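**Student:** Got final-v4.cif for you, mmCIF, C-alpha atoms and all ligand atoms:
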```cif
data_my_file
#
loop_
_atom_site.label_atom_id
_atom_site.label_comp_id
_atom_site.auth_asym_id
_atom_site.auth_seq_id
_atom_site.Cartn_x
_atom_site.Cartn_y
_atom_site.Cartn_z
CA MET A 1 211.01 50.98 115.58
CA ASP A 2 208.95 52.08 112.57
CA SER A 3 206.40 49.43 111.65
CA VAL A 4 206.15 50.80 108.11
CA LEU A 5 208.36 48.46 106.08
CA LYS A 6 210.39 50.38 103.49
CA ILE A 7 212.01 47.55 101.62
CA GLY A 8 215.15 47.48 99.51
CA MET A 9 215.09 44.23 97.52
CA VAL A 10 218.35 42.68 96.34
CA GLY A 11 218.19 39.82 93.81
CA LEU A 12 215.33 40.12 91.31
CA GLY A 13 215.31 36.64 89.77
CA ASP A 14 212.83 33.79 89.65
CA ILE A 15 211.62 33.96 93.25
CA ALA A 16 211.29 37.76 93.18
CA GLN A 17 209.01 37.23 90.21
CA VAL A 18 206.88 34.32 91.47
CA ALA A 19 206.68 35.05 95.19
CA TYR A 20 207.46 38.68 96.05
CA LEU A 21 207.04 41.56 93.65
CA GLU A 22 203.56 40.97 92.32
CA ASN A 23 201.62 42.07 95.42
CA LEU A 24 204.20 43.28 97.92
CA HIS A 25 204.13 47.03 97.26
CA ASN A 26 201.21 48.25 99.35
CA PRO A 27 201.88 51.77 100.71
CA ALA A 28 198.35 52.05 102.17
CA GLY A 29 199.11 48.92 104.22
CA GLY A 30 202.49 50.27 105.37
CA ILE A 31 204.57 48.07 103.08
CA GLU A 32 206.62 49.89 100.47
CA VAL A 33 209.09 48.53 97.96
CA ALA A 34 211.44 51.51 98.02
CA GLY A 35 214.55 50.08 96.34
CA LEU A 36 215.46 47.43 93.78
CA CYS A 37 218.90 45.97 93.14
CA ASP A 38 220.26 43.37 90.71
CA ILE A 39 223.54 43.03 88.86
CA GLN A 40 221.70 41.94 85.69
CA PRO A 41 220.26 44.97 83.85
CA GLU A 42 217.34 43.03 82.35
CA ARG A 43 216.22 41.78 85.77
CA LEU A 44 216.41 45.33 87.13
CA GLU A 45 214.44 46.62 84.19
CA TRP A 46 211.73 44.00 84.68
CA ALA A 47 211.43 44.72 88.43
CA SER A 48 211.34 48.50 87.82
CA SER A 49 208.40 47.98 85.49
CA GLN A 50 206.58 46.32 88.43
CA VAL A 51 207.32 49.11 90.94
CA PRO A 52 208.30 52.22 88.95
CA SER A 53 208.48 54.41 92.09
CA ALA A 54 211.31 52.32 93.61
CA ARG A 55 214.93 53.42 93.34
CA ALA A 56 216.73 51.03 90.96
CA THR A 57 220.45 50.24 91.17
CA ASP A 58 223.01 47.52 90.45
CA ASP A 59 224.87 48.27 93.70
CA LEU A 60 223.45 47.36 97.12
CA GLU A 61 225.48 50.22 98.68
CA ASP A 62 223.10 52.70 97.02
CA LEU A 63 220.18 51.17 98.92
CA LEU A 64 222.17 50.99 102.16
CA GLU A 65 222.94 54.73 101.98
CA ASP A 66 219.25 55.50 101.53
CA SER A 67 217.77 56.52 104.91
CA GLY A 68 214.29 55.96 103.44
CA ILE A 69 214.92 52.18 103.47
CA ASN A 70 214.69 50.30 106.79
CA TRP A 71 214.59 46.65 105.59
CA ILE A 72 216.67 44.75 103.04
CA PHE A 73 215.09 41.64 101.50
CA VAL A 74 217.89 39.36 100.20
CA LEU A 75 216.65 37.21 97.29
CA THR A 76 219.95 36.21 95.66
CA PRO A 77 221.24 32.63 95.11
CA LEU A 78 221.93 30.60 98.23
CA LEU A 79 225.60 31.15 98.93
CA ALA A 80 225.40 34.86 97.99
CA HIS A 81 223.19 35.68 100.99
CA ALA A 82 225.69 36.01 103.84
CA PRO A 83 227.94 38.87 102.55
CA LEU A 84 224.87 40.90 101.57
CA ILE A 85 223.25 40.27 104.96
CA ARG A 86 226.45 41.33 106.74
CA ARG A 87 226.74 44.59 104.77
CA SER A 88 223.06 45.37 105.33
CA LEU A 89 223.27 44.80 109.09
CA GLU A 90 226.48 46.83 109.32
CA ALA A 91 224.66 49.65 107.55
CA GLY A 92 221.89 49.53 110.17
CA LYS A 93 219.17 47.84 108.10
CA ASN A 94 216.83 45.10 109.29
CA VAL A 95 217.16 41.99 107.14
CA TYR A 96 214.82 39.34 105.83
CA THR A 97 216.48 36.75 103.58
CA GLU A 98 215.41 33.91 101.37
CA LYS A 99 216.51 30.57 102.76
CA PRO A 100 218.96 30.16 104.42
CA ILE A 101 220.99 32.94 106.11
CA SER A 102 224.08 30.85 105.36
CA VAL A 103 224.88 27.13 105.23
CA ASP A 104 228.01 27.73 107.29
CA PHE A 105 226.89 27.47 110.91
CA ASN A 106 229.67 29.70 112.30
CA GLU A 107 229.04 32.38 109.70
CA ALA A 108 225.29 32.30 110.44
CA ALA A 109 225.98 32.48 114.20
CA ASP A 110 228.17 35.57 113.60
CA LEU A 111 225.39 37.27 111.65
CA VAL A 112 222.84 36.41 114.32
CA GLU A 113 225.13 37.95 116.94
CA LEU A 114 225.73 41.04 114.78
CA SER A 115 221.98 41.61 114.40
CA ARG A 116 221.46 41.19 118.16
CA ARG A 117 224.27 43.62 118.98
CA LYS A 118 222.88 46.21 116.59
CA ASN A 119 219.31 45.69 117.79
CA LEU A 120 218.12 44.85 114.27
CA TYR A 121 215.78 42.17 112.99
CA LEU A 122 217.17 39.17 111.11
CA ALA A 123 214.56 36.77 109.74
CA SER A 124 214.68 34.03 107.12
CA ALA A 125 212.51 31.93 104.81
CA PRO A 126 210.98 29.39 104.57
CA VAL A 127 207.75 31.05 105.59
CA MET A 128 205.12 28.34 105.24
CA LEU A 129 204.77 28.03 108.98
CA LEU A 130 203.14 31.49 108.89
CA TYR A 131 200.20 30.14 106.87
CA PRO A 132 197.01 29.70 108.93
CA VAL A 133 196.56 26.09 107.80
CA TYR A 134 200.02 25.10 109.00
CA GLU A 135 199.25 26.64 112.38
CA TYR A 136 195.96 24.71 112.49
CA VAL A 137 197.71 21.40 111.75
CA ARG A 138 200.38 22.13 114.34
CA SER A 139 197.71 22.81 116.95
CA LEU A 140 195.92 19.55 116.04
CA VAL A 141 199.12 17.55 116.49
CA LEU A 142 200.02 19.25 119.76
CA SER A 143 196.50 18.96 121.19
CA GLY A 144 196.52 15.17 120.78
CA ALA A 145 194.05 14.88 117.84
CA ILE A 146 195.97 11.80 116.64
CA GLY A 147 197.21 10.68 120.06
CA ASP A 148 200.84 10.61 121.09
CA VAL A 149 202.96 11.50 118.05
CA LYS A 150 206.37 9.87 117.97
CA ALA A 151 206.98 9.63 114.22
CA ALA A 152 206.89 11.99 111.26
CA ARG A 153 207.93 11.84 107.67
CA VAL A 154 208.54 14.69 105.24
CA MET A 155 209.12 14.43 101.50
CA ALA A 156 210.76 17.77 100.70
CA SER A 157 211.78 17.28 97.10
CA HIS A 158 211.23 18.18 93.48
CA GLY A 159 212.58 17.03 90.15
CA GLY A 160 215.48 19.49 90.11
CA PRO A 161 215.92 22.99 88.68
CA ASP A 162 216.07 21.52 85.16
CA SER A 163 212.68 19.80 85.50
CA PHE A 164 210.28 22.77 85.38
CA PRO A 165 210.07 26.07 83.47
CA THR A 166 211.80 29.01 85.19
CA ALA A 167 212.18 32.69 84.33
CA THR A 168 215.94 32.49 84.91
CA ASP A 169 218.66 29.82 84.58
CA LEU A 170 218.83 27.99 87.94
CA GLY A 171 221.81 25.84 86.92
CA TRP A 172 223.73 27.39 89.85
CA LEU A 173 221.66 25.13 92.10
CA MET A 174 223.67 22.12 90.84
CA ARG A 175 227.11 23.67 91.54
CA GLU A 176 228.90 23.12 94.84
CA GLU A 177 230.46 26.60 95.00
CA LYS A 178 226.98 28.18 94.64
CA ALA A 179 224.74 25.78 96.51
CA THR A 180 226.83 23.33 98.66
CA ALA A 181 227.81 19.66 98.14
CA ILE A 182 224.19 18.53 98.77
CA PRO A 183 221.97 21.30 97.33
CA PRO A 184 218.60 19.65 98.09
CA LEU A 185 219.34 20.04 101.83
CA PRO A 186 219.34 23.86 101.98
CA ASP A 187 216.97 24.19 99.02
CA MET A 188 214.22 21.70 99.97
CA GLY A 189 215.12 19.81 103.16
CA ILE A 190 214.90 23.15 104.96
CA TYR A 191 211.09 23.08 104.57
CA GLY A 192 210.92 19.78 106.40
CA PHE A 193 213.42 20.79 109.11
CA SER A 194 211.55 24.06 109.72
CA TRP A 195 208.14 22.43 109.92
CA LEU A 196 209.32 19.64 112.24
CA ALA A 197 211.17 22.01 114.58
CA HIS A 198 208.15 24.34 114.62
CA VAL A 199 205.97 21.43 115.77
CA PHE A 200 208.33 19.35 117.93
CA GLY A 201 210.82 21.99 119.17
CA PRO A 202 214.61 21.91 118.83
CA ALA A 203 216.16 18.79 117.27
CA GLU A 204 218.65 16.82 119.34
CA ARG A 205 220.42 14.38 116.96
CA VAL A 206 220.88 14.18 113.20
CA SER A 207 222.27 11.63 110.74
CA ALA A 208 222.12 11.51 106.94
CA ILE A 209 223.12 9.67 103.79
CA ALA A 210 223.34 11.12 100.28
CA THR A 211 224.00 9.91 96.73
CA ILE A 212 224.25 11.24 93.18
CA ALA A 213 221.10 10.03 91.42
CA LYS A 214 221.21 11.93 88.13
CA PRO A 215 224.79 12.63 86.97
CA GLU A 216 223.77 14.56 83.85
CA ARG A 217 221.15 17.29 83.56
CA THR A 218 219.93 19.27 80.57
CA PHE A 219 218.66 22.81 81.11
CA ASP A 220 216.20 23.49 78.31
CA LYS A 221 213.08 24.93 80.00
CA VAL A 222 214.35 28.42 80.88
CA THR A 223 211.99 31.07 79.49
CA ALA A 224 214.47 34.02 79.53
CA PRO A 225 214.80 35.53 76.03
CA GLY A 226 217.97 34.34 74.27
CA PHE A 227 218.58 31.42 76.64
CA ARG A 228 220.65 28.63 75.02
CA PRO A 229 219.98 25.09 76.37
CA TYR A 230 222.99 23.23 77.79
CA THR A 231 223.88 19.93 79.49
CA MET A 232 225.80 19.74 82.75
CA ASN A 233 227.76 16.92 84.43
CA VAL A 234 226.63 16.97 88.04
CA LYS A 235 229.19 16.49 90.84
CA VAL A 236 226.95 17.42 93.77
CA LYS A 237 224.72 14.93 95.59
CA ASP A 238 221.08 15.30 94.55
CA ASN A 239 219.46 12.57 96.66
CA CYS A 240 219.51 12.71 100.48
CA ILE A 241 217.67 11.33 103.47
CA VAL A 242 218.02 12.76 106.98
CA SER A 243 217.02 11.15 110.30
CA ILE A 244 216.26 13.47 113.20
CA GLU A 245 215.55 12.86 116.88
CA PHE A 246 213.48 15.41 118.79
CA ALA A 247 212.80 15.60 122.53
CA GLY A 248 210.72 12.78 123.98
CA GLY A 249 211.96 10.22 121.45
CA VAL A 250 210.13 11.68 118.44
CA LEU A 251 211.84 10.39 115.28
CA ALA A 252 211.44 11.99 111.88
CA SER A 253 212.83 11.44 108.43
CA VAL A 254 213.22 14.12 105.78
CA THR A 255 213.80 13.08 102.18
CA ALA A 256 215.39 15.98 100.31
CA ASN A 257 216.10 15.31 96.66
CA PHE A 258 216.00 16.63 93.10
CA VAL A 259 214.75 13.37 91.62
CA ALA A 260 211.09 13.35 92.67
CA GLY A 261 209.37 14.89 89.66
CA GLY A 262 205.89 13.49 90.26
CA HIS A 263 202.70 15.16 91.44
CA LEU A 264 202.81 16.71 94.94
CA PRO A 265 206.23 15.38 95.95
CA GLU A 266 206.38 17.75 98.92
CA ARG A 267 204.47 16.14 101.72
CA PHE A 268 204.27 16.30 105.51
CA GLU A 269 203.04 13.27 107.48
CA MET A 270 202.62 12.95 111.25
CA TYR A 271 201.92 9.54 112.82
CA GLY A 272 200.33 9.26 116.29
CA SER A 273 199.18 6.42 118.55
CA GLU A 274 195.57 7.15 117.47
CA GLY A 275 195.88 8.30 113.87
CA THR A 276 197.62 10.14 111.07
CA ILE A 277 197.61 13.66 109.61
CA MET A 278 199.07 14.51 106.23
CA MET A 279 199.23 17.55 104.01
CA PRO A 280 201.02 18.48 100.83
CA TYR A 281 203.07 21.67 100.75
CA LYS A 282 201.30 23.21 97.78
CA GLY A 283 197.71 22.09 97.85
CA PRO A 284 194.66 23.28 99.74
CA TYR A 285 193.81 20.16 101.72
CA VAL A 286 194.71 18.36 104.92
CA LYS A 287 193.81 14.71 105.51
CA ILE A 288 193.28 13.05 108.86
CA GLN A 289 192.49 9.60 110.19
CA SER A 290 191.86 9.34 113.91
CA ASN A 291 190.32 6.97 116.44
CA LEU A 292 189.50 9.96 118.64
CA PRO A 293 186.45 12.28 118.48
CA PRO A 294 185.71 14.53 116.71
CA HIS A 295 187.96 13.27 113.90
CA ASN A 296 186.90 9.60 114.13
CA GLU A 297 183.95 10.52 111.91
CA PRO A 298 183.87 9.90 109.08
CA ALA A 299 185.97 6.79 109.65
CA GLY A 300 189.22 6.39 107.75
CA LEU A 301 191.35 8.96 106.02
CA HIS A 302 189.27 12.02 105.13
CA GLU A 303 189.72 15.69 104.32
CA LEU A 304 189.45 18.34 107.03
CA ASP A 305 187.40 21.44 106.37
CA ILE A 306 189.97 24.21 106.19
CA SER A 307 187.87 26.69 104.22
CA ASP A 308 187.72 29.11 107.17
CA ARG A 309 191.50 28.99 107.58
CA ASP A 310 192.50 30.67 104.39
CA GLY A 311 192.75 27.23 102.89
CA GLY A 312 192.86 28.55 99.36
CA ARG A 313 195.23 31.29 98.30
CA ALA A 314 197.44 31.40 101.36
CA PHE A 315 198.02 27.65 101.31
CA GLN A 316 199.25 27.41 97.78
CA GLY A 317 202.87 27.97 98.68
CA VAL A 318 203.52 30.81 96.25
CA ASN A 319 203.34 34.59 96.44
CA TRP A 320 204.46 34.58 100.05
CA GLY A 321 206.08 38.06 99.99
CA PRO A 322 202.96 39.83 101.31
CA ILE A 323 202.51 37.13 103.99
CA VAL A 324 206.04 37.50 105.30
CA ALA A 325 205.91 41.31 105.13
CA ALA A 326 202.70 41.35 107.17
CA HIS A 327 204.31 39.03 109.75
CA LEU A 328 207.42 41.22 110.04
CA GLN A 329 205.23 44.29 110.39
CA ARG A 330 203.31 42.66 113.26
CA ALA A 331 206.59 41.57 114.88
CA VAL A 332 207.86 45.16 114.81
CA ALA A 333 204.56 46.53 116.12
CA MET A 334 204.60 44.02 119.03
CA GLY A 335 208.35 44.27 119.62
CA ALA A 336 208.44 40.48 119.17
CA GLU A 337 210.93 38.09 117.62
CA PRO A 338 209.40 36.83 114.33
CA LEU A 339 208.42 33.14 114.25
CA ILE A 340 210.98 32.89 111.43
CA GLY A 341 213.51 34.85 113.47
CA ARG A 342 217.24 34.50 114.00
CA TYR A 343 217.48 31.80 116.70
CA PHE A 344 214.95 29.55 114.97
CA SER A 345 216.80 30.02 111.66
CA LEU A 346 220.17 29.33 113.27
CA HIS A 347 218.86 26.06 114.68
CA ILE A 348 217.63 25.01 111.24
CA ILE A 349 221.08 25.85 109.81
CA GLU A 350 222.67 23.68 112.50
CA ILE A 351 220.44 20.78 111.35
CA ILE A 352 221.53 21.35 107.73
CA SER A 353 225.22 21.56 108.55
CA ALA A 354 224.97 18.48 110.80
CA ALA A 355 223.25 16.56 107.99
CA MET A 356 225.99 17.63 105.53
CA GLU A 357 228.68 16.47 107.93
CA SER A 358 226.90 13.21 108.70
CA ALA A 359 226.43 12.42 104.99
CA ARG A 360 230.18 12.97 104.54
CA THR A 361 231.48 11.11 107.60
CA GLY A 362 228.76 8.61 108.43
CA ALA A 363 228.66 9.83 112.04
CA THR A 364 225.54 10.93 113.93
CA ARG A 365 225.77 14.52 115.23
CA GLU A 366 224.40 15.89 118.51
CA LEU A 367 223.04 19.44 118.17
CA GLU A 368 223.81 22.35 120.48
CA THR A 369 221.48 25.22 119.63
CA VAL A 370 217.94 25.63 120.90
CA PHE A 371 215.20 28.18 120.28
CA GLU A 372 211.94 29.21 121.86
CA HIS A 373 209.16 30.96 119.96
CA ASP A 374 208.32 34.40 121.34
CA LYS A 375 205.32 34.07 123.69
CA ALA A 376 203.87 37.25 122.15
CA TRP A 377 202.51 35.11 119.28
CA GLY A 378 200.35 33.14 121.68
CA ILE A 379 201.10 29.75 120.11
N1 LIG A 401 213.06 29.83 92.36
C1 LIG A 401 212.35 29.23 93.30
O1 LIG A 401 211.37 28.51 93.02
C2 LIG A 401 212.67 29.44 94.76
C3 LIG A 401 211.74 28.96 95.70
C4 LIG A 401 211.97 29.20 97.03
C5 LIG A 401 213.08 29.90 97.42
N2 LIG A 401 214.01 30.33 96.51
C6 LIG A 401 215.20 31.03 97.01
O2 LIG A 401 215.28 32.34 96.45
C7 LIG A 401 216.65 32.72 96.32
C8 LIG A 401 216.88 33.19 94.91
O3 LIG A 401 216.57 32.15 94.02
P1 LIG A 401 216.06 32.42 92.56
O4 LIG A 401 215.46 31.15 92.13
O5 LIG A 401 215.26 33.66 92.51
O6 LIG A 401 217.48 32.66 91.82
P2 LIG A 401 217.75 33.48 90.47
O7 LIG A 401 219.08 33.06 90.00
O8 LIG A 401 216.56 33.39 89.56
O9 LIG A 401 217.81 35.00 90.97
C9 LIG A 401 218.81 35.51 91.75
C10 LIG A 401 219.07 36.95 91.31
O10 LIG A 401 220.05 37.51 92.20
C11 LIG A 401 220.90 38.36 91.42
N3 LIG A 401 222.15 38.57 92.15
C12 LIG A 401 223.09 37.65 92.46
N4 LIG A 401 224.09 38.23 93.18
C13 LIG A 401 223.75 39.53 93.34
C14 LIG A 401 224.36 40.64 93.99
N5 LIG A 401 225.52 40.51 94.62
N6 LIG A 401 223.73 41.83 93.97
C15 LIG A 401 222.56 41.98 93.31
N7 LIG A 401 221.92 40.96 92.68
C16 LIG A 401 222.51 39.75 92.68
C17 LIG A 401 221.04 37.63 90.10
O11 LIG A 401 221.47 38.47 89.08
C18 LIG A 401 219.62 37.08 89.89
O12 LIG A 401 218.80 37.96 89.15
C19 LIG A 401 217.49 31.51 96.72
O13 LIG A 401 217.88 31.65 98.05
C20 LIG A 401 216.50 30.35 96.61
O14 LIG A 401 216.83 29.32 97.52
C21 LIG A 401 213.80 30.13 95.18
#
```
Render the structure in this file as structure tokens.
Ligand SMILES: NC(=O)c1ccc[n+]([C@@H]2O[C@H](COP(=O)([O-])OP(=O)(O)OC[C@H]3O[C@@H](n4cnc5c(N)ncnc54)[C@H](O)[C@@H]3O)[C@@H](O)[C@H]2O)c1

**Tutor:**
Amino acid sequence: MDSVLKIGMVGLGDIAQVAYLENLHNPAGGIEVAGLCDIQPERLEWASSQVPSARATDDLEDLLEDSGINWIFVLTPLLAHAPLIRRSLEAGKNVYTEKPISVDFNEAADLVELSRRKNLYLASAPVMLLYPVYEYVRSLVLSGAIGDVKAARVMASHGGPDSFPTATDLGWLMREEKATAIPPLPDMGIYGFSWLAHVFGPAERVSAIATIAKPERTFDKVTAPGFRPYTMNVKVKDNCIVSIEFAGGVLASVTANFVAGGHLPERFEMYGSEGTIMMPYKGPYVKIQSNLPPHNEPAGLHELDISDRDGGRAFQGVNWGPIVAAHLQRAVAMGAEPLIGRYFSLHIIEIISAAMESARTGATRELETVFEHDKAWGI
């Protein structure tokens, strides 16, 4: 398979702007943005101004017919991913999608099977586990730097799509038909589920509870020209907590909500018999406290030196398009399953759908899927 990525990008909204288009087009590095697609003319126009050489269209079929495109990047709203992924795979294109492939486990499993049958790649965000610092922290946990880890806690939340300025109107994120009955689960919880499964392996049991915390939201921070502020009555649940059991009795909780508007609400904490490691999602530091050398000095909670691990730019949690493209390129060159590949993603979707069901019924769910990272990555 050609390890030059010739990308057709569908969905040119907020995330295309903040995380993908700025630095992705890099023909000398074998990464080309060859096609752009959005149903909104002004979004298409904006993206075309970023990569004028790319073919621009409002119909994905135009990109699928183009033999010069070998990957489709799906960056549309949550529940619009699956039909676009299916069409792209049917047309013989490899697919990378923003999170998640689908929230419907059976639909996601079908797409995974379709990609396998057609010998195509199917990979999905979130991508933070590709950052060098995350790999470093994972290796610390697994090598016993804080002893035997049996507990973890993730705060995977923000204040909601109305709480910060965005280039586009993200009100769809508060509507069930666009983003499920508990939108923080696929939107934010997925970061916690992905990190925990990456560290501790496949989850075994899941339970969850969810509430509506903020029944009315006003959208008045959208920067798109001509945007008119509006207020929405919210029917979806915006406040959720998920309990997960991993092999060996490791227990983790993931708080996924749209009501944590404070500083650094996204946080990963691992608790071991000899200490603690914590890191925020978007912030270039990791803190550790350990009774074991070498991290027992200095005593108490202190920052680790991560300057030689790309602790700056690559750890800031934005502009991840070039990072994911480079990973996919390496996967193709090695003939390996990406770390964010189909079986890993399917397992994460099973956690999300189990949490949704548990929040609805009150029952704990046993999980069925497993995954194993490709040994080619050497981790
Ligand atoms: N905005 C963020 O901060 C953020 C962060 C991480 C991940 N994401 C993920 O990125 C994805 C997109 O989110 P966003 O915030 O960019 O949304 P958005 O609404 O800003 O952009 C989505 C774009 O997709 C286009 N679109 C929808 N259906 C289409 C179709 N059938 N064909 C072509 N274009 C279509 C829309 O016109 C819009 O321009 C979601 O999966 C979201 O979970 C967003």

**Student:** I need the residue nearest A:Glu32 from this list: A:Ala333, A:Val259, A:Ala325, A:Leu89. Use all atoms listed in the file for the distance.

**Tutor:** A:Ala325

**Student:** From the list A:Ser139, A:Ser157, A:Asn106, A:Asn296, which residue is nearest ligand LIG 401 (chain A) when using all atoms listed in the file?

**Tutor:**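 Closest to ligand LIG 401 (chain A), using all atoms listed in the file: A:Ser157.
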
**Student:** Using 9 Å as the limit and counting all atoms listed in the file, can you tabulate each residue of chain A that touches ligand LIG 401 (chain A), with its shortest atom-to-atom distance in Å and the two atoms involved, as JSON lines?

**Tutor:**
```
{"residue": "A:Met9", "atom": "CA", "partner": "A:LIG401", "partner_atom": "C15", "distance": 8.9}
{"residue": "A:Val10", "atom": "CA", "partner": "A:LIG401", "partner_atom": "C15", "distance": 5.2}
{"residue": "A:Gly11", "atom": "CA", "partner": "A:LIG401", "partner_atom": "O10", "distance": 3.4}
{"residue": "A:Leu12", "atom": "CA", "partner": "A:LIG401", "partner_atom": "O12", "distance": 4.6}
{"residue": "A:Gly13", "atom": "CA", "partner": "A:LIG401", "partner_atom": "O9", "distance": 3.2}
{"residue": "A:Asp14", "atom": "CA", "partner": "A:LIG401", "partner_atom": "O8", "distance": 3.8}
{"residue": "A:Ile15", "atom": "CA", "partner": "A:LIG401", "partner_atom": "O5", "distance": 3.7}
{"residue": "A:Ala16", "atom": "CA", "partner": "A:LIG401", "partner_atom": "O5", "distance": 5.7}
{"residue": "A:Gln17", "atom": "CA", "partner": "A:LIG401", "partner_atom": "O5", "distance": 7.6}
{"residue": "A:Val18", "atom": "CA", "partner": "A:LIG401", "partner_atom": "O1", "distance": 7.5}
{"residue": "A:Ala19", "atom": "CA", "partner": "A:LIG401", "partner_atom": "C3", "distance": 7.9}
{"residue": "A:Leu36", "atom": "CA", "partner": "A:LIG401", "partner_atom": "C15", "distance": 9.0}
{"residue": "A:Cys37", "atom": "CA", "partner": "A:LIG401", "partner_atom": "C15", "distance": 5.4}
{"residue": "A:Asp38", "atom": "CA", "partner": "A:LIG401", "partner_atom": "N7", "distance": 3.5}
{"residue": "A:Ile39", "atom": "CA", "partner": "A:LIG401", "partner_atom": "N7", "distance": 4.6}
{"residue": "A:Gln40", "atom": "CA", "partner": "A:LIG401", "partner_atom": "O11", "distance": 4.9}
{"residue": "A:Pro41", "atom": "CA", "partner": "A:LIG401", "partner_atom": "O11", "distance": 8.4}
{"residue": "A:Glu42", "atom": "CA", "partner": "A:LIG401", "partner_atom": "O12", "distance": 8.6}
{"residue": "A:Arg43", "atom": "CA", "partner": "A:LIG401", "partner_atom": "O12", "distance": 5.7}
{"residue": "A:Leu44", "atom": "CA", "partner": "A:LIG401", "partner_atom": "O12", "distance": 8.0}
{"residue": "A:Thr57", "atom": "CA", "partner": "A:LIG401", "partner_atom": "C15", "distance": 8.8}
{"residue": "A:Asp58", "atom": "CA", "partner": "A:LIG401", "partner_atom": "C15", "distance": 6.3}
{"residue": "A:Asp59", "atom": "CA", "partner": "A:LIG401", "partner_atom": "N6", "distance": 6.5}
{"residue": "A:Leu60", "atom": "CA", "partner": "A:LIG401", "partner_atom": "N6", "distance": 6.4}
{"residue": "A:Val74", "atom": "CA", "partner": "A:LIG401", "partner_atom": "C7", "distance": 7.8}
{"residue": "A:Leu75", "atom": "CA", "partner": "A:LIG401", "partner_atom": "C7", "distance": 4.6}
{"residue": "A:Thr76", "atom": "CA", "partner": "A:LIG401", "partner_atom": "O10", "distance": 3.7}
{"residue": "A:Pro77", "atom": "CA", "partner": "A:LIG401", "partner_atom": "C19", "distance": 4.2}
{"residue": "A:Leu78", "atom": "CA", "partner": "A:LIG401", "partner_atom": "O13", "distance": 4.2}
{"residue": "A:Leu79", "atom": "CA", "partner": "A:LIG401", "partner_atom": "O13", "distance": 7.8}
{"residue": "A:Ala80", "atom": "CA", "partner": "A:LIG401", "partner_atom": "N4", "distance": 6.0}
{"residue": "A:His81", "atom": "CA", "partner": "A:LIG401", "partner_atom": "O13", "distance": 7.3}
{"residue": "A:Pro83", "atom": "CA", "partner": "A:LIG401", "partner_atom": "N5", "distance": 8.5}
{"residue": "A:Leu84", "atom": "CA", "partner": "A:LIG401", "partner_atom": "N5", "distance": 7.0}
{"residue": "A:Thr97", "atom": "CA", "partner": "A:LIG401", "partner_atom": "O13", "distance": 7.7}
{"residue": "A:Glu98", "atom": "CA", "partner": "A:LIG401", "partner_atom": "O13", "distance": 4.7}
{"residue": "A:Lys99", "atom": "CA", "partner": "A:LIG401", "partner_atom": "O13", "distance": 5.0}
{"residue": "A:Pro100", "atom": "CA", "partner": "A:LIG401", "partner_atom": "O13", "distance": 6.6}
{"residue": "A:Ile101", "atom": "CA", "partner": "A:LIG401", "partner_atom": "O13", "distance": 8.7}
{"residue": "A:Ala125", "atom": "CA", "partner": "A:LIG401", "partner_atom": "C5", "distance": 7.7}
{"residue": "A:Pro126", "atom": "CA", "partner": "A:LIG401", "partner_atom": "C5", "distance": 7.5}
{"residue": "A:Pro161", "atom": "CA", "partner": "A:LIG401", "partner_atom": "N1", "distance": 8.3}
{"residue": "A:Thr166", "atom": "CA", "partner": "A:LIG401", "partner_atom": "N1", "distance": 7.3}
{"residue": "A:Ala167", "atom": "CA", "partner": "A:LIG401", "partner_atom": "O8", "distance": 6.9}
{"residue": "A:Thr168", "atom": "CA", "partner": "A:LIG401", "partner_atom": "O8", "distance": 4.8}
{"residue": "A:Asp169", "atom": "CA", "partner": "A:LIG401", "partner_atom": "O7", "distance": 6.3}
{"residue": "A:Leu170", "atom": "CA", "partner": "A:LIG401", "partner_atom": "O7", "distance": 5.5}
{"residue": "A:Gly171", "atom": "CA", "partner": "A:LIG401", "partner_atom": "O7", "distance": 8.3}
{"residue": "A:Trp172", "atom": "CA", "partner": "A:LIG401", "partner_atom": "O7", "distance": 7.3}
{"residue": "A:Leu173", "atom": "CA", "partner": "A:LIG401", "partner_atom": "O14", "distance": 8.4}
{"residue": "A:Ala179", "atom": "CA", "partner": "A:LIG401", "partner_atom": "O14", "distance": 8.7}
{"residue": "A:Pro186", "atom": "CA", "partner": "A:LIG401", "partner_atom": "O14", "distance": 7.5}
{"residue": "A:Asp187", "atom": "CA", "partner": "A:LIG401", "partner_atom": "O14", "distance": 5.3}
{"residue": "A:Met188", "atom": "CA", "partner": "A:LIG401", "partner_atom": "C4", "distance": 8.4}
{"residue": "A:Val318", "atom": "CA", "partner": "A:LIG401", "partner_atom": "C3", "distance": 8.4}
```

**Student:** Of the candidates A:Val154, A:Ala359, A:Met278, A:Leu346, which one gets nearest to A:Tyr191 if we count all atoms listed in the file?

**Tutor:**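 Ranked by minimum distance to A:Tyr191, first place goes to A:Val154.
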
**Student:** Determine the nearest neighbour of A:Leu63 from the options A:Pro27, A:Ile7, A:Trp46, A:Met356, counting only C-alpha atoms.

**Tutor:**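 Of all the options, A:Ile7 lies closest to A:Leu63.
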
**Student:** Show which residues sit within 12 Å of A:Leu367, as JSON, numbers by chain. Count all atoms listed in the file, and ignore same-chain residues fewer than 4 positions away.

**Tutor:** {"A": [105, 202, 203, 204, 205, 206, 207, 244, 245, 246, 247, 346, 347, 348, 349, 350, 351, 352, 353, 354, 355, 358, 371]}

**Student:** Go through A:Val4, A:Asp110, A:Asn26, A:Ile340 and flag the residue nearest A:Asn70, using all atoms listed in the file for the distances.

**Tutor:**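 Residue with the minimum atom-to-atom distance to A:Asn70: A:Val4.
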